[in-house]
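Notes to accompany the following structure.
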Amino acid sequence: MKIPYSLRVLRRPAPEDTVTDSFGKFISEVKPQHLSSVVLHRSKRMVLDSIGVGVIGSTTDVFELALQHCQHMYAPDDISSVYGRRGTRLSPTLAAFVNGVATHSMDFDDTWHPATHPSGAVLPAVLALSDMMSANSKPSGLDFLLAFNIGIEIQGRLMRFSNEAHNIPKRFHPPSVVGTMGSAAACARLLSLDPSQCSHALAIATSLSGAPMANAATQSKPLHIGNASRLGLEAALLASRGLEASSLVLDAVTGVAGFNAFYEDYVPQPLELSNDDGHMFLLEEQDMAFKRFPAHLGMHWVADAAASVHKILVGFGPGTVCPAQVQDILLRVPKSKYINRPFPDSEHEARHSFQFNACSALLDGEVTVQSFTPAALRRPDLLALLSRVRMEHPQDNPANFNSMYGEVQVTLVGGDILKGHCDTFYGHWRNPLTNESLRKKFRNNAGAVLPSEKVERLIDVVEELDRLGDCRALLSQLQ
Amino acid sequence: MLRKGITESFGAAIHALNTTQLTDGVINRSKRMMLDTLGVGLLGTRTAVFNKALAYSQLFTSHESSSVWGKSEITLPPHYAAFVNGIAVHSMDFDDTWHPATHPSGAVLPALLALAETLPSQPSGLDLLLAFNVGIEVQGRLMRFSREAYNIPERFHPPSVVGVMGSAAASAKLLGLSPAQCTNALAIAASSAGAPLANAATQTKPLHIGNAARRGLEAAQLAQRGLEGNPAILDVNCGFGVYYKDYSPSAMAVSASSDFKWILEDQDVAFKRIPAHLGMHWVVDAALAARAKLENSVRNFDLSQIRHVTLRVPPSKYVDCPFPATEHQARHSFQFNASCALLDNKVTVSSFSEAQINRPALKELLSKVEVETPKDNLPSFDKMYCEVEMETDQGQRYVARCDTFYGHWRKPLSQKDLVEKFSVNASSVLCTEGVEGVIDVTGNIERVRECSILGSYLRMTSSQHEQLYSTRSL
């Protein structure tokens, strides 16, 4: 029987019922006291590391290109600082863009589980927006840190809507999907948007999300993070001007894809703020990985495994590893096309090559920033080793940063077989960098560009961030 | 990895295509597209979404700036001029539609005009025409890589997928980039593609076209600076293929010396008579015809005599909206457009104002409307139909069906009606000299020495503050 429309009960979901609105409400209403001491501590480490990799990233070609593009296309704008470039300022979204590019330019930035690079999409936008706010209404350090954590939290929540997100990506580059959303959320908070505007900021950002994996391992990849940061800020600014978008963007509506367009499986959950003063930020349950060298996270397993073989080899004979000793190198790694590159052609490809990183670590005992220079890429010893590499993808080695391992098996010319195995590299969330190691990385990175007084001041300011009355102390040290 | 070289063939083709390969057919059709796009864009500069985008865009300044259509005093950095003008074009869903489905011109023309204004050496009208057609052709080619593209979309909004690629291609052409740079422009643009459909029928939808124009232009300029992306972006599934469930790309072969078969030559666009989703045009024509039947047979016809209305339409969730609350929803509602046609005997630009949407008589009629999706009604702009059946209190039934509305590519708008649509739209913003200037320049674009003259006409606003635009329907 056909039911006439007049009799059909047309139920529009009440605002509290939709996932989209629950996110808007959370962004607008979560309070600084909801940040636990663990979350404060972990997020400050992320802020420090992100600034460090951003500053050293300002020495790369891709950063220079992005900066010149912005400076050429737009008039100078004395608003938001550019990492590592004294006196250079741009419009807020452009500063967010170039600083985001810098952060991801060397693939040196933090990685989470499910996989994404959360900080680079959020911090540049929050910094740029803070620079934009008038002198007598700058956010306090705590407000700043809260906005940052909201940006991280939103990303984590969104990734948990699908099983697909838990594995190394194949289709869309995660920072381009959730990063834009995180940036929009953080900026919406900093702009003090109301719950409805926060929801619209997310919805506007959704139309700006999503870049294909094919551009990973190319010079364009850093722009994914730069654009996530920039466009998330833009979405929040447009929402603050009253632009409206879909009110069901995070909910799954059949026949009309919203945020679920980016995933094969998608089950959204509302984000509830509990009535008592507690909210469990995901960062409390799931810590961050910080990289020890500038390459895709997967490389860290094989590098550690290969480094242990290097140690044994160097113990055998003279202090260096000689390719002539090596007959065969077998890598047992997860199956993932975009990090399986036998002969990388560029620094970008090298950062995404199991083979390259294993051989570098085998030769040198470690992989460092210097391992990816043009000269290092062309070393005859390295090329010789590369030609002897075979790959295996064992069934028990899933393409998942929480469960994978890396194994390097070297067969020497004499017949001896040496094996290195790594389940958890140092820097992984299960074996986090000590504060000492994190600061050392920061000093190496930031110190390559900034004078040491600024470097030390940054360390102190970030440590004190949640107690700072005014975040200008941070904003003024970045260049 | 086996390289199929498809992306590189596109880069080479964009570079190689030249003005001698433009045929009369393609020139004629693309000039009509340009005129229509400018008209709907000018009208669109009076919308709320355009104003919000303009206010935002004025945060940015640059040394070289480009015109904002319909504004005599305001200019913007080229990217943002492309952005706001693109938004204007799509702001009322009044712009052209192609098959497979997308709105091709709005993603390309704003970018080209903004770019042209900043080039040290002013492009000719023919250069502009060529670049425009390159941008359209690339979109058409990309859509033919998947079967999914042939149906009304469900996942990604097509202009956000192919539009940015078209803009990148067109901009690369106008910039005279090398084949390798053209390839990189496409690769860079692919990372800016893909907005989900959920924002259709909202105020944000026009930004899909605005962003396609802007970010395609940006991609070309980044490529010009030497930025590189994946040179196999169109070849691989994890590249451009991520936007489609089925994906089967093929190369684009162009020889600079021989004829080129433009897709536009085989497949024309549809121009809209109503500022609403294309599907609405079928249901409106059917409703008008059914109403005429009713009027002819019943003296003193009165709408309250209608007991029930059935719409037989293709299945498409995002245009099935029984009680639209906003203008954006109303433009994407079979029910609303049919009811409007029945109530007013016409659907025009002014049918979508807040006052009109909230009319009690309209709402009452809407409550009597039901939608059916017959199995033989396919969700494709090439194959769909709409049927409207009214049942009166007396039990009489009046049915009419529309297979091809006037304006569809199978029944194109006459040149007279196309120019009339433009004049009505443009007159809401420009003075007569501006209106006639645009018609004249666009009509003779292939003979125009410097296409910047178009920009000057687009800025010739009327001196009157209040614009009364005609509600004549075509």
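Each chain of the structure tokens is named A, B, ... in the order shown, its residues numbered from 1; ligands are numbered from 1 in display order.
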Inset, instruction - Pull out every residue of chain B that has at least one atom within 8 Å of chain A, counting only C-alpha atoms, and report them as a PyMOL selection string. - result: chain B and resi 49+52-53+56+59-64+77-78+154-156+187-188+190-200+202-205+208+221-222+225-230+233+236+238-240+242+316-318+367-370
Inset, instruction - Going by DSSP on the backbone, which bits of region 340-396 of chain A are strand (DSSP E)? Write them as an MDAnalysis selection string, please. - result: chainID A and resid 389:392
Save the residues we just selected, N, CA, C and O atoms, as a PDB file, in the first residue's frame?
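Output contents, as saved in again.pdb:
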ATOM      1  N   VAL A 389      69.068  -7.102  -3.372  1.00  0.00           N
ATOM      2  CA  VAL A 389      67.952  -7.214  -2.442  1.00  0.00           C
ATOM      3  C   VAL A 389      66.808  -8.014  -3.031  1.00  0.00           C
ATOM      4  O   VAL A 389      66.435  -7.845  -4.197  1.00  0.00           O
ATOM      5  N   ARG A 390      66.242  -8.896  -2.198  1.00  0.00           N
ATOM      6  CA  ARG A 390      64.999  -9.600  -2.565  1.00  0.00           C
ATOM      7  C   ARG A 390      63.966  -9.270  -1.489  1.00  0.00           C
ATOM      8  O   ARG A 390      64.311  -8.994  -0.350  1.00  0.00           O
ATOM      9  N   MET A 391      62.719  -9.369  -1.889  1.00  0.00           N
ATOM     10  CA  MET A 391      61.646  -9.056  -0.951  1.00  0.00           C
ATOM     11  C   MET A 391      60.756 -10.265  -0.718  1.00  0.00           C
ATOM     12  O   MET A 391      60.481 -11.013  -1.646  1.00  0.00           O
ATOM     13  N   GLU A 392      60.306 -10.396   0.515  1.00  0.00           N
ATOM     14  CA  GLU A 392      59.277 -11.393   0.827  1.00  0.00           C
ATOM     15  C   GLU A 392      58.194 -10.717   1.651  1.00  0.00           C
ATOM     16  O   GLU A 392      58.502  -9.847   2.480  1.00  0.00           O
TER      17      GLU A 392
END
Inset, instruction - Find the residues near Met159 (chain A): any atom within 9 Å, counting only C-alpha atoms, skip ones fewer than 3 places away on the same chain, and give them as JSON, numbers by chain. - result: {"A": [113, 114, 115, 116, 154, 155, 156, 162, 163, 164, 165, 166, 174, 178]}
Inset, instruction - Work out how far apart CA of Arg459 (chain B) and CA of Gly443 (chain B) are and give it in Å to one decimal. - result: 18.2 Å
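With only C-alpha atoms as the basis for measurement, A:His279 is the residue among A:His279, A:His348, A:Arg89, A:Arg189 that approaches His34 (chain A) most closely.
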Legend entry - Spatial neighbours of region 260-262 of chain B, max dist 8 Å, only C-alpha atoms, sep filter under 6 positions, as a PyMOL selection string: chain B and resi 21-22+26+137+254
Keeping only all heavy atoms, write the selected residues as a compact mmCIF listing (two decimals), in the first residue's frame.
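Okay, out.txt is ready:
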# COMPACT_ATOMS: atom_id res chain seq x y z
N GLN B 21 43.38 23.36 -35.23
CA GLN B 21 42.61 22.14 -35.04
C GLN B 21 41.20 22.41 -34.51
O GLN B 21 40.39 21.48 -34.38
CB GLN B 21 43.36 21.18 -34.11
CG GLN B 21 44.56 20.58 -34.80
CD GLN B 21 45.56 19.95 -33.84
OE1 GLN B 21 45.96 20.54 -32.85
NE2 GLN B 21 45.96 18.73 -34.15
N LEU B 22 40.91 23.68 -34.20
CA LEU B 22 39.56 24.02 -33.77
C LEU B 22 38.64 24.00 -34.99
O LEU B 22 38.88 24.72 -35.96
CB LEU B 22 39.53 25.41 -33.13
CG LEU B 22 40.20 25.56 -31.77
CD1 LEU B 22 40.33 27.04 -31.40
CD2 LEU B 22 39.42 24.82 -30.70
N VAL B 26 33.05 23.03 -33.12
CA VAL B 26 33.51 23.17 -31.75
C VAL B 26 33.58 24.65 -31.35
O VAL B 26 33.23 25.03 -30.24
CB VAL B 26 34.89 22.47 -31.61
CG1 VAL B 26 35.84 23.22 -30.72
CG2 VAL B 26 34.69 21.06 -31.08
N GLU B 137 37.78 19.45 -23.18
CA GLU B 137 38.13 18.15 -23.74
C GLU B 137 38.72 17.21 -22.70
O GLU B 137 38.34 16.03 -22.62
CB GLU B 137 39.14 18.36 -24.88
CG GLU B 137 39.64 17.07 -25.52
CD GLU B 137 38.62 16.41 -26.43
OE1 GLU B 137 37.57 17.04 -26.71
OE2 GLU B 137 38.87 15.27 -26.86
N VAL B 254 47.36 13.03 -30.02
CA VAL B 254 47.23 14.25 -30.82
C VAL B 254 48.45 14.41 -31.70
O VAL B 254 49.57 14.34 -31.23
CB VAL B 254 47.14 15.50 -29.91
CG1 VAL B 254 47.15 16.77 -30.75
CG2 VAL B 254 45.91 15.46 -29.05
Inset, instruction - Excluding His328 (chain B) and residues on its chain fewer than 2 positions from it, collect all residues at most 12 Å away from it, counting only C-alpha atoms, and give them as a PyMOL selection string. - result: (chain A and resi 244-246) or (chain B and resi 47-49+90-94+199-206+275-277+318-319+321+323-326+330-333+336+351-354+357)
Residue contacts of Thr75 (chain B) (12 Å, only C-alpha atoms) excluding same-chain residues fewer than 5 positions away, as a short mmCIF file (atom, residue, chain, number, x, y, z; two decimals) with all heavy atoms, in the first residue's frame:
data_model
loop_
_atom_site.label_atom_id
_atom_site.label_comp_id
_atom_site.auth_asym_id
_atom_site.auth_seq_id
_atom_site.Cartn_x
_atom_site.Cartn_y
_atom_site.Cartn_z
N LEU B 54 33.38 36.39 -1.39
CA LEU B 54 34.08 37.62 -1.75
C LEU B 54 34.68 38.27 -0.52
O LEU B 54 35.86 38.66 -0.52
CB LEU B 54 33.12 38.58 -2.45
CG LEU B 54 33.73 39.92 -2.90
CD1 LEU B 54 34.83 39.68 -3.94
CD2 LEU B 54 32.65 40.83 -3.49
N ALA B 55 33.88 38.38 0.54
CA ALA B 55 34.38 38.99 1.77
C ALA B 55 35.60 38.23 2.28
O ALA B 55 36.60 38.81 2.68
CB ALA B 55 33.28 39.00 2.82
N SER B 57 37.65 36.36 0.47
CA SER B 57 38.76 36.48 -0.48
C SER B 57 39.46 37.82 -0.38
O SER B 57 40.63 37.94 -0.75
CB SER B 57 38.26 36.27 -1.91
OG SER B 57 37.69 34.99 -2.05
N GLN B 58 38.74 38.82 0.12
CA GLN B 58 39.37 40.14 0.24
C GLN B 58 40.40 40.22 1.37
O GLN B 58 41.03 41.26 1.56
CB GLN B 58 38.29 41.22 0.38
CG GLN B 58 37.57 41.45 -0.96
CD GLN B 58 36.43 42.41 -0.89
OE1 GLN B 58 35.45 42.20 -0.17
NE2 GLN B 58 36.52 43.48 -1.64
N LEU B 59 40.60 39.14 2.08
CA LEU B 59 41.70 39.04 3.04
C LEU B 59 43.04 39.04 2.31
O LEU B 59 44.08 39.29 2.89
CB LEU B 59 41.60 37.74 3.86
CG LEU B 59 40.49 37.59 4.87
CD1 LEU B 59 40.54 36.20 5.49
CD2 LEU B 59 40.61 38.65 5.96
N PHE B 60 43.00 38.67 1.03
CA PHE B 60 44.24 38.47 0.28
C PHE B 60 44.47 39.62 -0.69
O PHE B 60 43.55 40.13 -1.30
CB PHE B 60 44.17 37.17 -0.52
CG PHE B 60 43.93 35.96 0.34
CD1 PHE B 60 42.65 35.55 0.63
CD2 PHE B 60 45.00 35.25 0.88
CE1 PHE B 60 42.42 34.44 1.43
CE2 PHE B 60 44.78 34.15 1.67
CZ PHE B 60 43.49 33.74 1.96
N THR B 61 45.72 39.99 -0.80
CA THR B 61 46.06 41.02 -1.79
C THR B 61 47.21 40.52 -2.64
O THR B 61 47.93 39.59 -2.25
CB THR B 61 46.50 42.33 -1.11
OG1 THR B 61 47.55 42.03 -0.18
CG2 THR B 61 45.34 42.99 -0.39
N SER B 62 47.38 41.12 -3.79
CA SER B 62 48.50 40.72 -4.64
C SER B 62 48.89 41.90 -5.51
O SER B 62 48.14 42.86 -5.62
CB SER B 62 48.12 39.53 -5.51
OG SER B 62 47.03 39.89 -6.33
N HIS B 63 50.06 41.78 -6.10
CA HIS B 63 50.52 42.86 -6.98
C HIS B 63 49.69 42.88 -8.26
O HIS B 63 49.23 43.91 -8.71
CB HIS B 63 52.00 42.67 -7.32
CG HIS B 63 52.86 42.70 -6.12
ND1 HIS B 63 52.94 43.79 -5.30
CD2 HIS B 63 53.68 41.77 -5.57
CE1 HIS B 63 53.78 43.54 -4.30
NE2 HIS B 63 54.24 42.32 -4.44
N GLU B 64 49.54 41.69 -8.85
CA GLU B 64 48.72 41.62 -10.06
C GLU B 64 47.37 41.07 -9.67
O GLU B 64 47.29 40.04 -9.02
CB GLU B 64 49.35 40.65 -11.05
CG GLU B 64 50.59 41.19 -11.68
CD GLU B 64 51.43 40.06 -12.27
OE1 GLU B 64 51.19 38.89 -11.89
OE2 GLU B 64 52.29 40.36 -13.08
N SER B 65 46.34 41.74 -10.09
CA SER B 65 45.04 41.22 -9.70
C SER B 65 44.11 41.10 -10.90
O SER B 65 44.39 41.62 -11.97
CB SER B 65 44.42 42.10 -8.62
OG SER B 65 44.45 43.43 -9.04
N SER B 66 43.04 40.39 -10.69
CA SER B 66 42.11 40.09 -11.78
C SER B 66 40.70 40.53 -11.43
O SER B 66 40.35 40.69 -10.26
CB SER B 66 42.11 38.57 -12.05
OG SER B 66 43.43 38.15 -12.31
N SER B 67 39.90 40.69 -12.46
CA SER B 67 38.55 41.21 -12.30
C SER B 67 37.64 40.27 -11.54
O SER B 67 37.72 39.06 -11.68
CB SER B 67 37.90 41.43 -13.66
OG SER B 67 38.66 42.28 -14.45
N VAL B 68 36.76 40.89 -10.78
CA VAL B 68 35.63 40.17 -10.23
C VAL B 68 34.45 40.54 -11.11
O VAL B 68 34.15 41.72 -11.27
CB VAL B 68 35.38 40.58 -8.77
CG1 VAL B 68 34.12 39.91 -8.24
CG2 VAL B 68 36.58 40.23 -7.91
N TRP B 69 33.79 39.55 -11.69
CA TRP B 69 32.70 39.83 -12.62
C TRP B 69 31.61 40.63 -11.92
O TRP B 69 31.24 40.36 -10.78
CB TRP B 69 32.10 38.54 -13.17
CG TRP B 69 33.09 37.66 -13.88
CD1 TRP B 69 34.38 37.98 -14.22
CD2 TRP B 69 32.88 36.34 -14.32
NE1 TRP B 69 34.97 36.92 -14.85
CE2 TRP B 69 34.06 35.89 -14.93
CE3 TRP B 69 31.78 35.46 -14.27
CZ2 TRP B 69 34.20 34.62 -15.48
CZ3 TRP B 69 31.90 34.20 -14.82
CH2 TRP B 69 33.11 33.78 -15.42
N GLY B 70 31.10 41.63 -12.65
CA GLY B 70 29.99 42.38 -12.10
C GLY B 70 30.37 43.36 -11.01
O GLY B 70 29.52 43.89 -10.31
N TYR B 80 41.93 33.93 -6.36
CA TYR B 80 40.67 34.24 -5.68
C TYR B 80 39.64 34.84 -6.61
O TYR B 80 38.44 34.68 -6.41
CB TYR B 80 40.93 35.09 -4.42
CG TYR B 80 41.47 34.20 -3.32
CD1 TYR B 80 42.84 34.06 -3.13
CD2 TYR B 80 40.60 33.42 -2.56
CE1 TYR B 80 43.33 33.18 -2.20
CE2 TYR B 80 41.09 32.54 -1.62
CZ TYR B 80 42.44 32.41 -1.44
OH TYR B 80 42.94 31.53 -0.51
N ALA B 81 40.09 35.50 -7.68
CA ALA B 81 39.14 35.93 -8.70
C ALA B 81 38.52 34.70 -9.34
O ALA B 81 37.31 34.63 -9.54
CB ALA B 81 39.84 36.79 -9.74
N ALA B 82 39.37 33.72 -9.66
CA ALA B 82 38.86 32.47 -10.23
C ALA B 82 37.89 31.80 -9.27
O ALA B 82 36.85 31.28 -9.66
CB ALA B 82 40.03 31.52 -10.54
N VAL B 84 35.99 33.18 -6.72
CA VAL B 84 34.67 33.82 -6.53
C VAL B 84 33.86 33.80 -7.82
O VAL B 84 32.64 33.62 -7.79
CB VAL B 84 34.77 35.25 -5.94
CG1 VAL B 84 35.53 35.25 -4.63
CG2 VAL B 84 35.39 36.23 -6.92
N ASN B 85 34.52 34.00 -8.95
CA ASN B 85 33.76 33.97 -10.21
C ASN B 85 33.24 32.57 -10.48
O ASN B 85 32.13 32.40 -10.99
CB ASN B 85 34.63 34.47 -11.36
CG ASN B 85 34.93 35.96 -11.26
OD1 ASN B 85 34.16 36.72 -10.68
ND2 ASN B 85 36.05 36.39 -11.82
N ALA B 114 40.87 34.95 -15.34
CA ALA B 114 41.68 35.51 -14.27
C ALA B 114 43.17 35.44 -14.64
O ALA B 114 43.93 36.39 -14.45
CB ALA B 114 41.43 34.76 -12.96
N GLU B 117 44.35 37.94 -17.50
CA GLU B 117 44.55 39.34 -17.11
C GLU B 117 45.93 39.61 -16.55
O GLU B 117 46.37 40.75 -16.50
CB GLU B 117 43.49 39.74 -16.08
CG GLU B 117 42.13 40.01 -16.69
CD GLU B 117 41.14 40.50 -15.66
OE1 GLU B 117 41.10 41.71 -15.42
OE2 GLU B 117 40.43 39.65 -15.10
N THR B 118 46.60 38.58 -16.08
CA THR B 118 47.90 38.82 -15.45
C THR B 118 49.08 38.47 -16.34
O THR B 118 50.23 38.67 -15.96
CB THR B 118 48.04 37.99 -14.16
OG1 THR B 118 48.07 36.60 -14.54
CG2 THR B 118 46.90 38.23 -13.22
N GLY B 455 37.12 41.37 -20.04
CA GLY B 455 37.14 41.76 -18.63
C GLY B 455 36.57 43.16 -18.42
O GLY B 455 35.84 43.41 -17.46
N SER B 456 36.89 44.05 -19.32
CA SER B 456 36.40 45.42 -19.13
C SER B 456 34.89 45.49 -19.27
O SER B 456 34.22 46.25 -18.55
CB SER B 456 37.10 46.38 -20.10
OG SER B 456 36.99 45.91 -21.41
N LEU B 458 32.89 43.05 -18.49
CA LEU B 458 32.33 42.36 -17.32
C LEU B 458 32.30 43.24 -16.08
O LEU B 458 31.66 42.91 -15.09
CB LEU B 458 33.14 41.08 -17.03
CG LEU B 458 33.00 39.97 -18.06
CD1 LEU B 458 34.05 38.89 -17.83
CD2 LEU B 458 31.60 39.36 -18.03
N ARG B 459 33.01 44.35 -16.16
CA ARG B 459 33.04 45.28 -15.02
C ARG B 459 32.12 46.48 -15.23
O ARG B 459 32.02 47.34 -14.37
CB ARG B 459 34.46 45.78 -14.78
CG ARG B 459 35.42 44.73 -14.27
CD ARG B 459 36.72 45.36 -13.74
NE ARG B 459 37.41 46.13 -14.75
CZ ARG B 459 38.32 45.63 -15.58
NH1 ARG B 459 38.62 44.35 -15.54
NH2 ARG B 459 38.90 46.42 -16.47
#
Legend entry - Shell around Val283 (chain B) at 10 Å using only C-alpha atoms, local window under 2 positions removed, as a VMD selection string: chain B and resid 278 to 281 285 to 289 311 to 313 333 to 339 341 385 to 388 400 to 403 405
Residue selection dump (N, CA and C atoms) as a compact mmCIF listing (two decimals), in the first residue's frame:
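As a result, result-v1.txt now contains:
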# COMPACT_ATOMS: atom_id res chain seq x y z
N LEU B 278 19.79 19.73 -13.20
CA LEU B 278 19.30 19.40 -14.54
C LEU B 278 18.05 18.53 -14.51
N GLY B 279 18.00 17.59 -13.60
CA GLY B 279 16.85 16.69 -13.53
C GLY B 279 15.52 17.42 -13.40
N MET B 280 15.58 18.61 -12.80
CA MET B 280 14.34 19.37 -12.57
C MET B 280 13.71 19.81 -13.89
N HIS B 281 14.53 19.96 -14.91
CA HIS B 281 14.01 20.46 -16.18
C HIS B 281 13.01 19.48 -16.80
N ASP B 285 8.97 20.47 -17.29
CA ASP B 285 8.31 20.39 -18.60
C ASP B 285 7.13 19.43 -18.55
N ALA B 286 7.28 18.33 -17.86
CA ALA B 286 6.17 17.37 -17.75
C ALA B 286 5.02 17.98 -16.95
N ALA B 287 5.35 18.67 -15.86
CA ALA B 287 4.31 19.28 -15.02
C ALA B 287 3.54 20.35 -15.79
N LEU B 288 4.28 21.16 -16.55
CA LEU B 288 3.63 22.21 -17.34
C LEU B 288 2.68 21.59 -18.36
N ALA B 289 3.11 20.50 -18.97
CA ALA B 289 2.27 19.85 -19.97
C ALA B 289 1.04 19.22 -19.32
N LEU B 311 4.98 11.72 -9.19
CA LEU B 311 6.12 12.01 -10.07
C LEU B 311 6.84 10.70 -10.32
N ARG B 312 7.07 10.43 -11.59
CA ARG B 312 7.84 9.23 -11.92
C ARG B 312 9.21 9.70 -12.43
N VAL B 313 10.20 9.44 -11.63
CA VAL B 313 11.52 10.01 -11.85
C VAL B 313 12.60 8.94 -11.69
N SER B 333 15.18 19.48 -5.82
CA SER B 333 13.97 18.80 -5.35
C SER B 333 12.99 18.61 -6.50
N PHE B 334 12.80 17.34 -6.90
CA PHE B 334 11.79 17.04 -7.93
C PHE B 334 10.44 17.58 -7.48
N GLN B 335 10.14 17.33 -6.21
CA GLN B 335 8.82 17.69 -5.67
C GLN B 335 8.58 19.19 -5.76
N PHE B 336 9.59 19.96 -5.34
CA PHE B 336 9.42 21.42 -5.33
C PHE B 336 9.23 21.97 -6.74
N ASN B 337 10.07 21.53 -7.65
CA ASN B 337 10.01 22.08 -9.00
C ASN B 337 8.72 21.71 -9.72
N ALA B 338 8.26 20.49 -9.48
CA ALA B 338 7.00 20.09 -10.09
C ALA B 338 5.86 20.93 -9.52
N SER B 339 5.85 21.08 -8.21
CA SER B 339 4.78 21.83 -7.56
C SER B 339 4.76 23.29 -7.99
N ALA B 341 5.80 24.46 -10.81
CA ALA B 341 5.29 24.51 -12.19
C ALA B 341 3.78 24.40 -12.19
N TYR B 385 13.66 10.09 -17.94
CA TYR B 385 12.46 10.81 -18.31
C TYR B 385 11.78 11.22 -17.02
N CYS B 386 10.79 12.08 -17.13
CA CYS B 386 9.95 12.38 -15.96
C CYS B 386 8.49 12.38 -16.39
N GLU B 387 7.70 11.84 -15.53
CA GLU B 387 6.27 11.80 -15.79
C GLU B 387 5.56 12.43 -14.62
N VAL B 388 4.55 13.23 -14.92
CA VAL B 388 3.77 13.85 -13.85
C VAL B 388 2.32 13.45 -14.03
N ALA B 400 1.38 13.63 -18.11
CA ALA B 400 2.26 14.07 -19.20
C ALA B 400 3.67 13.59 -18.91
N ARG B 401 4.40 13.39 -19.97
CA ARG B 401 5.75 12.84 -19.83
C ARG B 401 6.72 13.69 -20.62
N CYS B 402 7.90 13.86 -20.09
CA CYS B 402 8.94 14.58 -20.83
C CYS B 402 10.16 13.67 -20.98
N ASP B 403 10.54 13.45 -22.20
CA ASP B 403 11.75 12.67 -22.46
C ASP B 403 12.96 13.57 -22.68
N PHE B 405 13.84 17.72 -22.47
CA PHE B 405 13.39 19.09 -22.25
C PHE B 405 14.08 20.04 -23.23
Legend entry - Separation of CA of Val122 (chain A) from CA of Trp301 (chain A), in Å and rounded to one decimal: 26.8 Å
Inset, instruction - Going by DSSP on the backbone, which bits of region 139-343 of chain A are helix (DSSP H, G or I)? Write them as a ChimeraX atom specification, please. - result: /A:141-159,164-166,174-190,195-206,213-215,221-240,259-262,282-285,297-316,323-325,337-339
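If you measure from each of B:Asn425, B:Asn18, B:Ser380, B:Ser248 to Pro100 (chain B) using only C-alpha atoms, the closest one turns out to be B:Ser380.
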Inset, instruction - State, in Å with one decimal place, the distance from CA of Phe161 (chain A) to CA of Thr20 (chain A). - result: 12.8 Å
